[in-house]
>>> print(open('input.txt').read())   # compact mmCIF, C-alpha atoms
# COMPACT_ATOMS: atom_id res chain seq x y z
CA MET A 1 15.66 5.00 37.02
CA LYS A 2 18.76 6.15 38.81
CA PHE A 3 17.14 8.03 41.66
CA GLY A 4 14.59 7.58 44.39
CA LYS A 5 13.57 4.51 46.36
CA ASN A 6 12.72 1.00 45.21
CA ILE A 7 8.97 1.63 45.71
CA CYS A 8 7.37 4.11 43.31
CA ILE A 9 4.07 5.79 44.15
CA LEU A 10 1.72 6.96 41.42
CA ASN A 11 -0.69 9.66 42.55
CA VAL A 12 -3.45 9.93 39.93
CA GLY A 13 -6.02 12.56 40.84
CA GLY A 14 -5.52 11.93 44.56
CA THR A 15 -5.59 8.12 44.38
CA LYS A 16 -2.25 6.48 45.16
CA TYR A 17 -0.81 3.29 43.69
CA ALA A 18 2.46 1.69 44.86
CA PHE A 19 4.64 -0.34 42.48
CA THR A 20 8.18 -1.64 42.47
CA ARG A 21 10.70 -0.50 39.88
CA GLU A 22 10.50 -3.86 38.09
CA VAL A 23 6.73 -3.49 37.71
CA ILE A 24 7.13 0.07 36.46
CA ARG A 25 9.66 -1.10 33.86
CA ASP A 26 7.27 -3.67 32.35
CA PHE A 27 4.07 -1.69 32.93
CA PRO A 28 1.56 -2.04 30.02
CA LEU A 29 0.86 1.72 29.99
CA ARG A 30 3.52 3.53 27.95
CA ARG A 31 3.46 6.73 30.00
CA VAL A 32 4.07 4.80 33.22
CA SER A 33 6.78 2.58 31.78
CA ARG A 34 8.62 5.67 30.51
CA LEU A 35 9.35 6.59 34.12
CA HIS A 36 11.83 3.73 34.39
CA SER A 37 14.05 5.16 31.66
CA CYS A 38 14.15 8.65 33.18
CA SER A 39 17.61 9.53 34.49
CA SER A 40 16.89 12.98 35.92
CA GLU A 41 14.09 14.90 37.55
CA LYS A 42 13.73 17.03 34.43
CA GLU A 43 12.97 13.96 32.35
CA VAL A 44 10.48 12.79 34.98
CA LEU A 45 8.58 16.09 34.80
CA GLU A 46 8.22 15.60 31.05
CA VAL A 47 6.20 12.46 31.81
CA CYS A 48 4.22 13.45 34.89
CA ASP A 49 2.92 16.74 36.32
CA ASP A 50 4.95 16.80 39.54
CA TYR A 51 7.45 14.71 41.49
CA ASP A 52 8.28 14.36 45.20
CA ARG A 53 11.84 13.09 45.56
CA GLU A 54 11.60 12.35 49.29
CA ARG A 55 8.61 10.03 48.95
CA ASN A 56 9.42 8.99 45.36
CA GLU A 57 5.86 9.97 44.42
CA PHE A 58 4.78 10.86 40.89
CA PHE A 59 1.76 13.13 40.48
CA PHE A 60 -0.60 12.93 37.51
CA ASP A 61 -3.37 15.50 37.29
CA ARG A 62 -5.79 13.14 35.54
CA HIS A 63 -9.24 11.63 36.10
CA SER A 64 -8.88 9.18 38.99
CA GLU A 65 -12.01 7.14 38.23
CA ALA A 66 -11.00 6.71 34.62
CA PHE A 67 -7.59 5.46 35.72
CA VAL A 68 -9.34 2.86 37.91
CA PHE A 69 -10.98 1.39 34.81
CA ILE A 70 -7.67 1.57 32.94
CA MET A 71 -6.04 -0.36 35.80
CA LEU A 72 -8.81 -2.96 35.50
CA TYR A 73 -7.76 -3.33 31.86
CA VAL A 74 -4.14 -3.83 32.97
CA ARG A 75 -5.24 -6.64 35.29
CA SER A 76 -8.01 -8.33 33.27
CA GLY A 77 -7.30 -7.30 29.68
CA LYS A 78 -10.80 -5.83 29.12
CA LEU A 79 -11.32 -2.09 28.75
CA ARG A 80 -14.77 -0.52 28.98
CA PHE A 81 -16.10 3.00 29.44
CA VAL A 82 -16.65 4.52 32.87
CA PRO A 83 -20.40 4.76 33.59
CA ARG A 84 -21.81 8.31 33.41
CA MET A 85 -18.60 9.62 31.85
CA CYS A 86 -18.31 11.18 28.41
CA GLU A 87 -16.85 8.73 25.90
CA LEU A 88 -14.60 11.40 24.44
CA SER A 89 -13.24 12.35 27.86
CA PHE A 90 -12.43 8.73 28.62
CA TYR A 91 -10.83 8.38 25.17
CA ASN A 92 -8.69 11.39 26.00
CA GLU A 93 -7.54 9.66 29.18
CA MET A 94 -6.77 6.50 27.18
CA LEU A 95 -4.59 8.40 24.74
CA TYR A 96 -2.78 10.13 27.61
CA TRP A 97 -1.80 6.81 29.19
CA GLY A 98 -0.80 5.28 25.83
CA LEU A 99 -3.89 3.27 24.87
CA GLU A 100 -5.80 3.35 21.61
CA SER A 101 -9.40 2.78 20.59
CA SER A 102 -8.52 -0.76 19.49
CA HIS A 103 -7.96 -1.69 23.14
CA LEU A 104 -11.65 -1.06 23.88
CA GLU A 105 -14.23 -3.80 23.79
CA PHE A 106 -16.15 -3.95 20.52
CA CYS A 107 -19.35 -2.49 21.97
CA CYS A 108 -17.43 0.46 23.41
CA GLN A 109 -15.59 0.99 20.12
CA ARG A 110 -18.93 1.43 18.36
CA ARG A 111 -20.07 3.91 21.02
CA LEU A 112 -16.87 5.89 20.58
CA ASP A 113 -17.18 5.94 16.78
CA ASP A 114 -20.79 7.14 16.99
CA ARG A 115 -19.86 9.81 19.50
CA MET A 116 -16.96 11.09 17.41
CA SER A 117 -19.17 11.23 14.31
CA ASP A 118 -21.85 13.19 16.13
CA THR A 119 -19.50 15.80 17.55
CA TYR A 120 -17.08 16.08 14.57
CA THR A 121 -14.22 15.50 16.99
CA CYS A 122 -10.79 14.18 16.16
CA PHE A 123 -8.15 13.92 18.85
CA SER A 124 -4.58 14.79 18.05
CA GLU A 125 -1.36 14.11 19.86
CA GLU A 126 -0.97 17.78 20.73
CA GLU A 127 -3.99 17.57 23.04
CA LEU A 128 -2.20 14.97 25.12
CA MET A 129 0.78 17.13 26.04
CA GLY A 130 1.13 18.90 29.34
CA ALA A 131 -0.41 22.32 29.70
CA ASP A 132 2.88 24.19 29.74
CA GLU A 133 4.31 22.30 26.78
CA GLU A 134 1.06 22.72 24.86
CA GLU A 135 0.97 26.46 25.47
CA ALA A 136 4.58 26.77 24.35
CA ARG A 137 3.87 24.90 21.15
CA ARG A 138 0.80 26.99 20.45
CA ALA A 139 2.76 30.19 21.01
CA GLU A 140 5.51 28.98 18.69
CA ALA A 141 2.98 27.92 16.06
CA ALA A 142 1.25 31.30 16.33
CA GLU A 143 4.56 33.10 15.77
CA ASP A 144 5.37 30.93 12.78
CA GLU A 145 1.91 31.47 11.36
CA ALA A 146 2.16 35.22 11.85
CA GLU A 147 5.53 35.29 10.11
CA GLU A 148 4.22 33.13 7.29
CA THR A 149 1.14 35.31 6.89
CA ARG A 150 3.36 38.29 6.21
CA SER A 151 4.98 36.46 3.36
CA TRP A 152 3.41 36.91 -0.08
CA LEU A 153 4.46 33.38 -0.94
CA ALA A 154 2.32 31.98 1.86
CA ARG A 155 -0.63 34.10 0.79
CA MET A 156 -0.27 32.88 -2.78
CA ARG A 157 -0.06 29.30 -1.57
CA ARG A 158 -3.27 29.58 0.44
CA THR A 159 -5.01 31.36 -2.42
CA PHE A 160 -4.36 28.51 -4.84
CA GLU A 161 -4.57 25.56 -2.41
CA GLU A 162 -7.43 26.63 -0.10
CA PRO A 163 -10.45 27.98 -2.00
CA ALA A 164 -12.16 29.12 1.23
CA SER A 165 -9.17 30.94 2.68
CA SER A 166 -9.94 34.38 1.20
CA VAL A 167 -12.16 36.27 -1.20
CA ALA A 168 -9.44 36.15 -3.88
CA ALA A 169 -9.18 32.37 -3.46
CA GLN A 170 -12.94 32.02 -3.94
CA VAL A 171 -12.85 34.14 -7.10
CA LEU A 172 -9.92 32.08 -8.42
CA ALA A 173 -11.77 28.85 -7.64
CA SER A 174 -14.91 30.10 -9.38
CA VAL A 175 -12.95 30.98 -12.52
CA SER A 176 -11.29 27.56 -12.49
CA VAL A 177 -14.67 25.83 -12.19
CA ILE A 178 -16.01 27.86 -15.14
CA PHE A 179 -13.08 26.79 -17.30
CA VAL A 180 -13.60 23.15 -16.28
CA ILE A 181 -17.28 23.34 -17.27
CA ILE A 182 -16.45 24.96 -20.62
CA SER A 183 -13.83 22.29 -21.35
CA MET A 184 -16.25 19.48 -20.50
CA VAL A 185 -18.99 20.98 -22.67
CA ILE A 186 -16.60 21.17 -25.63
CA LEU A 187 -15.36 17.62 -25.00
CA CYS A 188 -18.90 16.22 -24.88
CA ALA A 189 -20.03 18.22 -27.91
CA SER A 190 -17.05 16.96 -29.93
CA THR A 191 -18.58 13.46 -29.91
CA LEU A 192 -21.83 14.62 -31.59
CA PRO A 193 -22.34 13.63 -35.25
CA ASP A 194 -22.74 17.24 -36.39
CA TRP A 195 -19.66 18.45 -34.52
CA ASP A 196 -17.22 18.01 -37.40
CA THR A 197 -19.32 20.22 -39.69
CA ALA A 198 -19.65 22.91 -37.04
CA LYS A 199 -15.96 22.70 -36.25
CA ASN A 200 -14.99 23.17 -39.88
CA ASN A 201 -17.11 26.31 -40.04
CA THR A 202 -15.73 27.86 -36.85
CA VAL A 203 -12.38 26.16 -36.47
CA GLU A 204 -10.57 29.25 -35.19
CA GLU A 205 -13.12 29.86 -32.40
CA HIS A 206 -12.81 26.28 -31.20
CA ARG A 207 -9.04 26.43 -31.18
CA ILE A 208 -9.04 29.70 -29.28
CA ILE A 209 -11.43 28.42 -26.60
CA GLU A 210 -9.44 25.22 -26.17
CA ALA A 211 -6.14 27.09 -26.03
CA VAL A 212 -7.47 29.55 -23.43
CA CYS A 213 -8.73 26.74 -21.18
CA ILE A 214 -5.48 24.81 -21.44
CA GLY A 215 -3.50 28.00 -20.86
CA TRP A 216 -5.43 28.70 -17.66
CA PHE A 217 -4.93 25.20 -16.32
CA THR A 218 -1.25 25.24 -17.22
CA ALA A 219 -0.65 28.60 -15.56
CA GLU A 220 -2.53 27.49 -12.47
CA CYS A 221 -0.51 24.28 -12.21
CA ILE A 222 2.80 26.10 -12.70
CA VAL A 223 2.01 28.75 -10.07
CA ARG A 224 0.91 26.13 -7.56
CA PHE A 225 4.15 24.23 -8.19
CA ILE A 226 6.27 27.36 -7.70
CA VAL A 227 4.63 28.41 -4.42
CA SER A 228 4.47 24.88 -2.93
CA ARG A 229 6.63 24.16 0.13
CA ASP A 230 7.80 20.70 -0.94
CA LYS A 231 8.16 20.22 -4.69
CA CYS A 232 8.49 16.43 -4.40
CA GLU A 233 5.37 16.20 -2.26
CA PHE A 234 3.54 18.39 -4.77
CA VAL A 235 4.38 16.02 -7.62
CA ARG A 236 3.24 12.98 -5.61
CA ARG A 237 -0.21 14.34 -4.77
CA PRO A 238 -3.01 12.51 -6.66
CA LEU A 239 -4.85 15.70 -7.69
CA ASN A 240 -1.68 17.20 -9.12
CA ILE A 241 -0.99 14.01 -11.07
CA ILE A 242 -4.52 14.23 -12.47
CA ASP A 243 -3.90 17.84 -13.48
CA LEU A 244 -0.79 16.76 -15.36
CA LEU A 245 -2.65 13.93 -17.10
CA ALA A 246 -5.39 16.34 -18.15
CA ILE A 247 -3.04 19.00 -19.53
CA THR A 248 -0.49 16.78 -21.28
CA PRO A 249 -2.79 15.47 -24.10
CA TYR A 250 -3.25 18.96 -25.54
CA TYR A 251 0.47 19.59 -25.91
CA VAL A 252 1.00 16.06 -27.25
CA SER A 253 -1.68 16.66 -29.88
CA VAL A 254 -0.11 20.01 -30.80
CA ALA A 255 3.29 18.33 -31.15
CA MET A 256 1.82 15.52 -33.30
CA THR A 257 0.04 18.08 -35.47
CA ALA A 258 3.29 19.92 -35.98
CA LEU A 259 5.07 16.69 -36.90
CA THR A 260 2.37 15.15 -39.12
CA GLY A 261 1.02 18.35 -40.62
CA GLU A 262 -2.59 19.43 -40.86
CA ASN A 263 -3.81 16.21 -42.47
CA PRO A 264 -7.04 15.44 -40.54
CA GLN A 265 -7.23 11.89 -41.87
CA LEU A 266 -3.81 11.12 -40.49
CA GLN A 267 -4.69 12.65 -37.14
CA ARG A 268 -7.98 10.77 -36.87
CA ALA A 269 -6.16 7.54 -37.61
CA GLY A 270 -4.03 7.94 -34.53
CA VAL A 271 -5.62 5.87 -31.76
CA THR A 272 -3.14 7.18 -29.24
CA LEU A 273 -4.11 10.75 -29.99
CA ARG A 274 -7.81 10.03 -29.52
CA VAL A 275 -7.12 8.31 -26.20
CA LEU A 276 -5.06 11.26 -25.01
CA ARG A 277 -7.78 13.70 -25.98
CA MET A 278 -10.37 11.71 -24.05
CA MET A 279 -8.15 11.87 -20.95
CA ARG A 280 -9.29 15.45 -20.59
CA ILE A 281 -12.30 14.01 -18.78
CA PHE A 282 -10.00 13.95 -15.73
CA TRP A 283 -10.59 17.69 -15.47
CA LEU A 284 -13.82 16.86 -13.67
CA ILE A 285 -11.78 15.53 -10.77
CA LYS A 286 -10.32 19.04 -10.41
CA LEU A 287 -13.70 20.00 -8.98
CA ALA A 288 -12.73 18.04 -5.85
CA ARG A 289 -10.69 21.09 -4.80
CA HIS A 290 -13.84 23.18 -4.61
CA PHE A 291 -16.71 20.85 -3.62
CA LEU A 292 -17.11 19.21 -0.24
CA GLY A 293 -18.95 16.19 -1.60
CA LEU A 294 -16.12 15.07 -3.88
CA GLN A 295 -13.59 15.63 -1.10
CA THR A 296 -15.70 13.47 1.19
CA LEU A 297 -15.85 10.73 -1.42
CA GLY A 298 -12.07 10.75 -1.92
CA LEU A 299 -11.34 10.74 1.81
CA THR A 300 -13.82 7.91 2.36
CA LEU A 301 -12.26 5.76 -0.35
CA ARG A 302 -8.80 6.38 1.11
CA ARG A 303 -9.86 5.38 4.62
CA CYS A 304 -12.03 2.43 3.54
CA TYR A 305 -9.65 0.77 1.12
CA ARG A 306 -9.67 -2.37 3.28
CA GLU A 307 -13.45 -2.57 3.14
CA MET A 308 -13.35 -1.93 -0.62
CA VAL A 309 -10.84 -4.73 -1.09
CA MET A 310 -13.00 -6.99 1.07
CA LEU A 311 -16.03 -6.14 -1.08
CA LEU A 312 -14.05 -6.90 -4.23
CA VAL A 313 -12.91 -10.24 -2.81
CA PHE A 314 -16.52 -11.15 -1.93
CA VAL A 315 -17.67 -10.38 -5.46
CA CYS A 316 -14.78 -12.23 -7.12
CA VAL A 317 -15.24 -15.37 -5.03
CA ALA A 318 -18.99 -15.42 -5.61
CA MET A 319 -18.49 -14.72 -9.33
CA ALA A 320 -16.08 -17.63 -9.68
CA ILE A 321 -18.43 -20.05 -7.91
CA PHE A 322 -21.68 -19.06 -9.61
CA SER A 323 -20.16 -18.72 -13.09
CA ALA A 324 -18.74 -22.23 -12.90
CA LEU A 325 -22.07 -23.64 -11.72
CA ALA A 326 -24.01 -21.68 -14.34
CA GLN A 327 -21.77 -22.92 -17.16
CA LEU A 328 -22.20 -26.49 -15.93
CA LEU A 329 -25.99 -26.35 -15.56
CA GLU A 330 -26.71 -24.41 -18.77
CA HIS A 331 -24.10 -25.81 -21.14
CA GLY A 332 -21.69 -28.28 -19.61
CA LEU A 333 -24.11 -31.17 -19.12
CA ASP A 334 -24.70 -31.46 -22.89
CA LEU A 335 -28.46 -31.48 -22.55
CA GLU A 336 -30.79 -30.97 -25.46
CA THR A 337 -31.56 -27.48 -24.19
CA SER A 338 -27.94 -26.36 -24.14
CA ASN A 339 -27.64 -22.58 -23.71
CA GLU A 340 -24.90 -21.18 -25.96
CA ASP A 341 -24.74 -17.93 -23.96
CA TYR A 342 -23.06 -19.92 -21.17
CA ALA A 343 -20.53 -21.67 -23.42
CA SER A 344 -17.63 -20.70 -21.15
CA ILE A 345 -17.04 -19.63 -17.58
CA PRO A 346 -15.81 -16.12 -18.58
CA ALA A 347 -19.04 -15.63 -20.53
CA ALA A 348 -21.04 -16.73 -17.48
CA CYS A 349 -19.13 -14.25 -15.30
CA TRP A 350 -20.91 -11.40 -17.07
CA TRP A 351 -24.28 -12.91 -16.19
CA VAL A 352 -23.19 -13.39 -12.55
CA ILE A 353 -22.02 -9.81 -12.05
CA ILE A 354 -25.17 -8.23 -13.52
CA SER A 355 -27.30 -10.62 -11.45
CA MET A 356 -25.47 -10.02 -8.16
CA THR A 357 -25.78 -6.26 -8.62
CA THR A 358 -29.50 -6.71 -9.52
CA VAL A 359 -29.00 -4.87 -12.84
CA GLY A 360 -30.27 -7.65 -15.10
CA TYR A 361 -29.82 -6.39 -18.66
CA GLY A 362 -31.65 -9.42 -20.05
CA ASP A 363 -29.09 -10.07 -22.79
CA MET A 364 -28.46 -13.55 -21.35
CA TYR A 365 -30.49 -15.60 -18.90
CA PRO A 366 -30.79 -19.27 -17.83
CA ILE A 367 -33.38 -21.44 -19.57
CA THR A 368 -33.11 -24.66 -17.54
CA MET A 369 -34.85 -25.12 -14.22
CA PRO A 370 -31.62 -25.74 -12.25
CA GLY A 371 -30.11 -22.66 -13.90
CA ARG A 372 -33.07 -20.51 -12.86
CA VAL A 373 -32.82 -21.75 -9.29
CA LEU A 374 -29.12 -20.91 -9.35
CA GLY A 375 -29.99 -17.45 -10.70
CA GLY A 376 -32.29 -16.79 -7.76
CA VAL A 377 -29.63 -17.89 -5.30
CA CYS A 378 -27.09 -15.70 -7.12
CA VAL A 379 -29.29 -12.60 -6.83
CA VAL A 380 -30.01 -13.11 -3.13
CA SER A 381 -26.35 -13.85 -2.38
CA GLY A 382 -25.31 -10.72 -4.25
CA ILE A 383 -27.64 -8.54 -2.17
CA VAL A 384 -26.28 -10.00 1.08
CA LEU A 385 -22.60 -9.90 0.11
CA LEU A 386 -22.78 -6.32 -1.16
CA ALA A 387 -24.63 -5.17 1.95
CA LEU A 388 -22.10 -6.54 4.45
CA PRO A 389 -19.27 -3.96 3.96
CA ILE A 390 -21.64 -1.10 3.09
CA THR A 391 -22.31 -0.35 6.77
CA PHE A 392 -18.64 0.32 7.47
CA ILE A 393 -18.25 2.42 4.32
CA TYR A 394 -21.38 4.44 5.12
CA HIS A 395 -20.22 5.08 8.68
CA SER A 396 -16.82 6.25 7.43
CA PHE A 397 -18.49 8.47 4.83
CA VAL A 398 -20.59 10.21 7.49
CA GLN A 399 -17.54 10.72 9.71
CA CYS A 400 -15.45 12.11 6.83
CA TYR A 401 -18.28 14.43 5.83
CA HIS A 402 -18.56 15.78 9.37
CA GLU A 403 -14.82 16.34 9.62
CA LEU A 404 -14.59 18.19 6.30
CA LYS A 405 -17.71 20.18 7.08
CA PHE A 406 -16.23 21.22 10.42
CA ARG A 407 -12.98 22.33 8.73
CA SER A 408 -14.94 24.19 6.08
CA ALA A 409 -16.96 26.00 8.74
CA ARG A 410 -13.74 27.15 10.42
CA CYS A 411 -12.44 28.48 7.10
CA VAL A 412 -15.70 30.32 6.50
CA ARG A 413 -15.53 31.91 9.93
CA SER A 414 -11.96 33.06 9.35
CA LEU A 415 -12.95 34.35 5.91
CA SER A 416 -15.82 36.33 7.41
CA ALA A 417 -13.49 37.85 10.00
CA GLU A 418 -10.99 38.78 7.27
CA PHE A 419 -13.74 40.36 5.17
CA LEU A 420 -15.05 42.40 8.13
CA ASN A 421 -11.56 43.57 9.02
>>> encode(input="input.txt", output="structure tokens")
Amino acid sequence: MKFGKNICILNVGGTKYAFTREVIRDFPLRRVSRLHSCSSEKEVLEVCDDYDRERNEFFFDRHSEAFVFIMLYVRSGKLRFVPRMCELSFYNEMLYWGLESSHLEFCCQRRLDDRMSDTYTCFSEEELMGADEEEARRAEAAEDEAEETRSWLARMRRTFEEPASSVAAQVLASVSVIFVIISMVILCASTLPDWDTAKNNTVEEHRIIEAVCIGWFTAECIVRFIVSRDKCEFVRRPLNIIDLLAITPYYVSVAMTALTGENPQLQRAGVTLRVLRMMRIFWLIKLARHFLGLQTLGLTLRRCYREMVMLLVFVCVAMAIFSALAQLLEHGLDLETSNEDYASIPAACWWVIISMTTVGYGDMYPITMPGRVLGGVCVVSGIVLLALPITFIYHSFVQCYHELKFRSARCVRSLSAEFLN
């Protein structure tokens, strides 16, 4: 800092704190330490709300009592909520000074998570800016949005990407869902024993229905690609990849039919073709664009991948241990009552996984007393191990559902306003 005195005064909500420049430089709070790198008064005002050059005093219009507890964290390393203060308000103060929820004590982290789930609240970095800067950004965003709204390309983009954005988008989404249902009905019916006879009698109708469905999905995918802002980002999106995987098998089958002729025996012999046809089941995932429940499931899995990996590790470790013990007790000791179902550890892994998940098909089971005791321990251990990460996954699912429901409610309100206008 190339101006002012050696002593810097921080005035937070009327409470003053005096620090030397060296302390300010190494201060644990990012917003405070940024003052040391400021070379002009303009840069200082980007960090604080006001500045007095004569007294070298920096003014912050923030909650003074909350900053007291934040200063206690700087001194002791433990951060807890202010009594009788809203958790979200204190979290807002934390974000302003450069702290995150991970700096809170574990008990306070749980309180914050519960509070955020109950109120559907998610803080963003824009809320932490100064009032003037925030208003300027909002005004600029409003101008950009108004200009984009006037563009037919933007309207087309919202119509295809946001089913709740307009009446036309809802109609388009409904038609897409109908085509998905028709395609799934045909796919499921094609596996029935009497399907081949019915298909031979009405082969043209089946081809027409299939071609119409594929044509709709292809046109929808092409239009969405054309109106997308970033073509590379569009290709990388998981739902768009699924759309491509669902559409491609039809054109591959048409190309193979053109190359091999209309010989049905030759087509049925192609394992690759049958696999590609069955990939049309991915069309069901297209429903995630239109249903809140599937969106919640996808968002939960994306946020809880660590917990899912932890659950998988628990199951794999337990499966390795119990399968080895089961193979030893049921077959490896060479007793007279040797159980051939447990002849190998991989074979015993199947028994372990169906026991830990409490499915119990009954196709294989221990017959020795030690094996039965091990089976009981395996079942109880499976219940405990599977229940441990479920709490975190459930909590994340509830939070994701609330967030998506809140966004959906905003879209519905804007749609109602558009309809009334």
>>> residues_around(input="input.txt", residues="Val377 (chain A)", least_positions_apart="6", cutoff="12 Å", atoms="only C-alpha atoms", output="list of chain:residue names")
A:Ala318, A:Ile321, A:Phe322, A:Leu325, A:Ala326, A:Val352, A:Ser355, A:Met356, A:Thr358, A:Pro370, A:Gly371, A:Ile383, A:Val384, A:Leu385
>>> closest_residue(input="input.txt", among="A:Ala154, A:Leu192, A:Ile70, A:Cys48", to="Ile226 (chain A)", atoms="all atoms listed in the file")
A:Ala154
>>> residues_near_point(input="input.txt", point="(-7.0, 11.7, 43.9)", cutoff="12 Å", atoms="all atoms listed in the file", output="list of chain:residue names")
A:Leu10, A:Asn11, A:Val12, A:Gly13, A:Gly14, A:Thr15, A:Lys16, A:Tyr17, A:Phe59, A:Phe60, A:Asp61, A:Arg62, A:His63, A:Ser64, A:Glu65, A:Ala66, A:Phe67, A:Val68
>>> atom_distance(input="input.txt", atom1="CA of Val32 (chain A)", atom2="CA of Phe58 (chain A)")
9.8 Å
>>> atom_distance(input="input.txt", atom1="CA of His290 (chain A)", atom2="CA of Val235 (chain A)")
19.8 Å
>>> residues_near_point(input="input.txt", point="(-0.4, 24.1, -17.9)", cutoff="10 Å", atoms="only C-alpha atoms", output="PDB file with C-alpha atoms, keeping the file's coordinate frame")
ATOM      1  CA  CYS A 213      -8.730  26.740 -21.180  1.00  0.00           C
ATOM      2  CA  ILE A 214      -5.480  24.810 -21.440  1.00  0.00           C
ATOM      3  CA  GLY A 215      -3.500  28.000 -20.860  1.00  0.00           C
ATOM      4  CA  TRP A 216      -5.430  28.700 -17.660  1.00  0.00           C
ATOM      5  CA  PHE A 217      -4.930  25.200 -16.320  1.00  0.00           C
ATOM      6  CA  THR A 218      -1.250  25.240 -17.220  1.00  0.00           C
ATOM      7  CA  ALA A 219      -0.650  28.600 -15.560  1.00  0.00           C
ATOM      8  CA  GLU A 220      -2.530  27.490 -12.470  1.00  0.00           C
ATOM      9  CA  CYS A 221      -0.510  24.280 -12.210  1.00  0.00           C
ATOM     10  CA  ILE A 222       2.800  26.100 -12.700  1.00  0.00           C
ATOM     11  CA  VAL A 223       2.010  28.750 -10.070  1.00  0.00           C
ATOM     12  CA  ASP A 243      -3.900  17.840 -13.480  1.00  0.00           C
ATOM     13  CA  LEU A 244      -0.790  16.760 -15.360  1.00  0.00           C
ATOM     14  CA  ALA A 246      -5.390  16.340 -18.150  1.00  0.00           C
ATOM     15  CA  ILE A 247      -3.040  19.000 -19.530  1.00  0.00           C
ATOM     16  CA  THR A 248      -0.490  16.780 -21.280  1.00  0.00           C
ATOM     17  CA  TYR A 250      -3.250  18.960 -25.540  1.00  0.00           C
ATOM     18  CA  TYR A 251       0.470  19.590 -25.910  1.00  0.00           C
TER      19      TYR A 251
END
>>> closest_residue(input="input.txt", among="A:Gly293, A:Pro238, A:Pro83, A:Gly362", to="Trp350 (chain A)", atoms="only C-alpha atoms")
A:Gly362
>>> atom_distance(input="input.txt", atom1="CA of Gly382 (chain A)", atom2="CA of Glu340 (chain A)")
24.1 Å
>>> closest_residue(input="input.txt", among="A:Trp97, A:Ser37, A:Cys8, A:Pro163", to="Ala288 (chain A)", atoms="only C-alpha atoms")
A:Pro163
>>> closest_residue(input="input.txt", among="A:Met94, A:Leu153, A:Ala169, A:Leu386", to="Val313 (chain A)", atoms="all atoms listed in the file")
A:Leu386
>>> residues_around(input="input.txt", residues="Ser344 (chain A)", least_positions_apart="4", cutoff="10 Å", atoms="only C-alpha atoms", output="PyMOL selection string")
chain A and resi 323-324+326-328+331-332+340+348-349
>>> axis_aligned_box(input="input.txt", around="region 238-249 of chain A", padding_each_side="3 Å", output="lines of an AutoDock Vina configuration file")
center_x = -2.9
center_y = 15.8
center_z = -15.4
size_x = 10.9
size_y = 12.5
size_z = 23.4
